[in-house]
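Trainee: Quick one: the structure is below, and I'll ask about it shortly.
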Amino acid sequence: MMKSLKIFTRLLVLSVLFVPVVSAAELNADYFHGDWVINDQSCSSNTAEHIVFHENGTFMGSRDGIAEIVGFWSLKDDFIELHMVTSPASFQDLHKEMAKFEGVYSYFQGRLLVFNQQKKSFEAYGVLGNESKRAAAVRCR
Amino acid sequence: MRTVSKYRAVNLRRTMAILIVAVVFLTGLPGIKNDAQAGKGSSFLGGMVAGSLIKGAVERDKERTQAIEHQSYSQPRPVQQAPAPAPAPQPSAEARIKELDKLAAGGYITPEEYQAKKKAILDGM
């Protein structure tokens with residue numbers, strides 16, 4: 001029993017030492033290039049929300065494979081600045097009041113505060129006006 | 001002796017299983033977050049857009065209400081103006097011709113003026 005406890009303690013110490021090495025991914029624009037699935041464990045899920053950060057500074061947010069938000073992104077210190085164009089009517093499934101924006105495309109400026117950055121995942125607080133939301137992103141490609 | 005070593009092996013396997021579970025819980029699997037951890041809706045960016053629009057609308061309503069309340073408390077209400085009196089009804093053509101007859105009989109207007117005026121009254125009917 002004592003031996004098991006010793007093994008457990010050693011492995012616990014090792015795991016704690018190992019974690020910072022794994023999680024120390026560098027925060028630069030190159031890191032974000034690619035396709036990220038949001039708040040979902042599966043990249044192949046049909047209903048998943050994806051954000052694709054392109055190298056040319058544009059990005060696209062999609063759900064169910066349909067583009068809903070497009071715009072420009074840039075990394076500034078530890079946050080991503082987003083300049084977005086979307087039709088709020090795309091989100092009437094979230095808030096039925098958005099239906100009145102059918103055919104209306106609006107510009108929004110938001111920020112993603114990045115934290116808990118891992119090699120293939122990160123978390124972020126999104127801030128847009130008075131609204132803030134938390135999300136987890138996992139790299140798909 | 002063999003039973004004891006078998007017992008130890010089972011114990012070790014059990015300990016290893018507990019250990020793996022503990023490590024996974026303590027460190028977290030990179031990139032795998034459950035809903036409770038990530039605190040989300042079905043659309044992250046869309047939720048932000050919709051949320052900001054709704055909150056913006058609520059804020060604007062609040063500000064508007066406050067502005068109206070402030071205005072109603074700080075400024076006297078404007079006195080409502082009484083509607084302008086309606087113009088006096090036009091006398092009938094018959095009454096006007098009778099009036100014209102009196103003027104002609106009294107010599108106040110010439111026969112030409114009488115005829116012209118009478119014609120104007122009759123044309124306006």
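Labels used: A, B, ... for chains in the order of the structure tokens, numbers from 1 for residues in each chain, and numbers from 1 for ligands as shown.
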If we count only C-alpha atoms and set the cut-off at 10 Å, which residues sit around B:Gly56, ignoring sequence neighbours fewer than 6 positions away in its own chain? Please answer as a PyMOL selection string.

Mentor: (chain A and resi 129-131) or (chain B and resi 50+62)

Trainee: Please list as a PyMOL selection string every residue within 9 Å of A:Phe53, counting only C-alpha atoms and excluding residues in the same chain fewer than 3 positions away.

Mentor: chain A and resi 32-36+56-61+72-73

Trainee: Produce a file of the selected residues containing N, CA and C atoms, as a short mmCIF file (atom, residue, chain, number, x, y, z; two decimals), in the first residue's frame.

Mentor:
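Okay, this is what ended up in selection_2.cif:
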```cif
data_model
loop_
_atom_site.label_atom_id
_atom_site.label_comp_id
_atom_site.auth_asym_id
_atom_site.auth_seq_id
_atom_site.Cartn_x
_atom_site.Cartn_y
_atom_site.Cartn_z
N PHE A 32 -2.86 30.84 -34.32
CA PHE A 32 -4.31 30.83 -34.51
C PHE A 32 -4.73 30.42 -35.93
N HIS A 33 -3.81 30.49 -36.87
CA HIS A 33 -4.18 30.14 -38.25
C HIS A 33 -4.79 28.74 -38.30
N GLY A 34 -5.93 28.63 -38.93
CA GLY A 34 -6.54 27.31 -39.08
C GLY A 34 -7.98 27.27 -38.63
N ASP A 35 -8.47 26.08 -38.54
CA ASP A 35 -9.88 25.82 -38.25
C ASP A 35 -10.03 25.38 -36.79
N TRP A 36 -10.88 26.07 -36.06
CA TRP A 36 -11.10 25.75 -34.65
C TRP A 36 -12.58 25.42 -34.44
N ASN A 56 -4.47 35.47 -44.24
CA ASN A 56 -4.56 36.80 -44.86
C ASN A 56 -5.31 37.81 -44.00
N GLY A 57 -5.62 37.44 -42.75
CA GLY A 57 -6.24 38.38 -41.82
C GLY A 57 -7.76 38.37 -41.84
N THR A 58 -8.34 37.48 -42.63
CA THR A 58 -9.79 37.37 -42.61
C THR A 58 -10.18 36.15 -41.77
N PHE A 59 -11.42 36.13 -41.35
CA PHE A 59 -11.88 34.96 -40.61
C PHE A 59 -13.34 34.69 -40.97
N MET A 60 -13.78 33.49 -40.63
CA MET A 60 -15.17 33.13 -40.89
C MET A 60 -15.71 32.30 -39.73
N GLY A 61 -16.87 32.66 -39.27
CA GLY A 61 -17.55 31.88 -38.24
C GLY A 61 -18.70 31.15 -38.90
N PHE A 72 -12.48 40.58 -40.39
CA PHE A 72 -11.03 40.66 -40.25
C PHE A 72 -10.63 40.40 -38.80
N TRP A 73 -9.48 39.78 -38.62
CA TRP A 73 -8.98 39.53 -37.27
C TRP A 73 -7.52 39.94 -37.18
#
```

Trainee: What is the distance between atom CA of A:Asn39 and atom CA of A:Ala124, in Å to one decimal?

Mentor: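 Atom CA of A:Asn39 sits 10.8 Å away from atom CA of A:Ala124.
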
Trainee: For A:Ile66, which of A:Asp40, A:Glu123, A:Asp30, A:Glu49 is the closest residue, counting only C-alpha atoms?

Mentor: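 For A:Ile66, the nearest of the candidates is A:Glu49.
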
Trainee: For the atom pair atom CA of A:Ile38 and atom CA of A:Ala136, what is the interatomic distance in Å to one decimal place?

Mentor: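 Taking atom CA of A:Ile38 and atom CA of A:Ala136, their separation equals 5.8 Å.
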
Trainee: List the spatial neighbours of stretch 45-49 of chain B as a PyMOL selection string - criterion: any atom at most 12 Å away, only C-alpha atoms, same-chain residues fewer than 6 positions off excluded.

Mentor: (chain A and resi 38-39+49-51+59-63+67-71+82-95+98+105-112+124-136) or (chain B and resi 39+55-56)

Trainee: Go through A:Arg141, A:Asp78, A:Ala48, A:Leu113 and flag the residue nearest chain B, using only C-alpha atoms for the distances.

Mentor: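 Checking each of A:Arg141, A:Asp78, A:Ala48, A:Leu113 against chain B, counting only C-alpha atoms, the winner is A:Ala48.
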
Trainee: Have a look at atom CA of A:Cys140 and atom CA of A:Cys43 and let me know their distance in Å, one decimal.

Mentor: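 A separation of 5.7 Å between them.
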
Trainee: Give the answer as one residue: which of B:Val10, B:Ile54, B:Gly124, B:Ala93 has the shortest atom-to-atom distance to chain A, using only C-alpha atoms?

Mentor: B:Ile54

Trainee: Could you name the residues that touch B:Glu99 at 12 Å or less, counting only C-alpha atoms, but leaving out those on the same chain fewer than 4 positions away, as a ChimeraX atom specification?

Mentor: /B:91-95,103-106,108-109,114,117-118,121

Trainee: Just write the chosen residues, N, CA and C atoms, as a JSON list (two decimals), in the first residue's frame.

Mentor:
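Now in result-v1.json:
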```
[["chain", "number", "residue", "atom", "x", "y", "z"],
["B", 91, "PRO", "N", -73.20, 82.84, -45.19],
["B", 91, "PRO", "CA", -74.65, 82.94, -45.42],
["B", 91, "PRO", "C", -75.04, 82.30, -46.76],
["B", 92, "SER", "N", -76.25, 81.84, -46.82],
["B", 92, "SER", "CA", -76.69, 81.16, -48.04],
["B", 92, "SER", "C", -76.76, 82.14, -49.22],
["B", 93, "ALA", "N", -76.81, 81.59, -50.43],
["B", 93, "ALA", "CA", -76.85, 82.42, -51.64],
["B", 93, "ALA", "C", -78.10, 83.31, -51.65],
["B", 94, "GLU", "N", -79.19, 82.71, -51.12],
["B", 94, "GLU", "CA", -80.46, 83.46, -51.09],
["B", 94, "GLU", "C", -80.34, 84.70, -50.18],
["B", 95, "ALA", "N", -79.74, 84.48, -49.03],
["B", 95, "ALA", "CA", -79.58, 85.59, -48.07],
["B", 95, "ALA", "C", -78.66, 86.66, -48.66],
["B", 103, "LEU", "N", -79.07, 96.56, -51.02],
["B", 103, "LEU", "CA", -78.02, 97.53, -51.36],
["B", 103, "LEU", "C", -78.37, 98.26, -52.68],
["B", 104, "ALA", "N", -78.92, 97.47, -53.65],
["B", 104, "ALA", "CA", -79.28, 98.07, -54.94],
["B", 104, "ALA", "C", -80.48, 99.03, -54.79],
["B", 105, "ALA", "N", -81.47, 98.57, -53.97],
["B", 105, "ALA", "CA", -82.66, 99.40, -53.74],
["B", 105, "ALA", "C", -82.28, 100.69, -53.02],
["B", 106, "GLY", "N", -81.33, 100.61, -52.18],
["B", 106, "GLY", "CA", -80.88, 101.79, -51.42],
["B", 106, "GLY", "C", -79.96, 102.68, -52.25],
["B", 108, "TYR", "N", -76.93, 102.01, -53.13],
["B", 108, "TYR", "CA", -75.52, 101.91, -52.68],
["B", 108, "TYR", "C", -74.62, 101.32, -53.76],
["B", 109, "ILE", "N", -75.24, 100.50, -54.67],
["B", 109, "ILE", "CA", -74.44, 99.94, -55.77],
["B", 109, "ILE", "C", -75.16, 100.20, -57.09],
["B", 114, "TYR", "N", -74.54, 95.40, -59.26],
["B", 114, "TYR", "CA", -75.54, 94.45, -58.76],
["B", 114, "TYR", "C", -75.52, 93.18, -59.59],
["B", 117, "LYS", "N", -72.26, 91.16, -59.16],
["B", 117, "LYS", "CA", -72.18, 90.50, -57.84],
["B", 117, "LYS", "C", -73.13, 89.31, -57.78],
["B", 118, "LYS", "N", -74.37, 89.55, -58.34],
["B", 118, "LYS", "CA", -75.40, 88.48, -58.34],
["B", 118, "LYS", "C", -74.89, 87.28, -59.12],
["B", 121, "ILE", "N", -72.41, 85.39, -57.11],
["B", 121, "ILE", "CA", -73.04, 84.56, -56.08],
["B", 121, "ILE", "C", -73.64, 83.30, -56.69]]
```

Trainee: May I ask which of the residues B:Ser52, B:Arg14, B:His70, B:Ala9 is the closest one to chain A, counting only C-alpha atoms?

Mentor: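 Under the stated criterion, the closest residue is B:Ser52.
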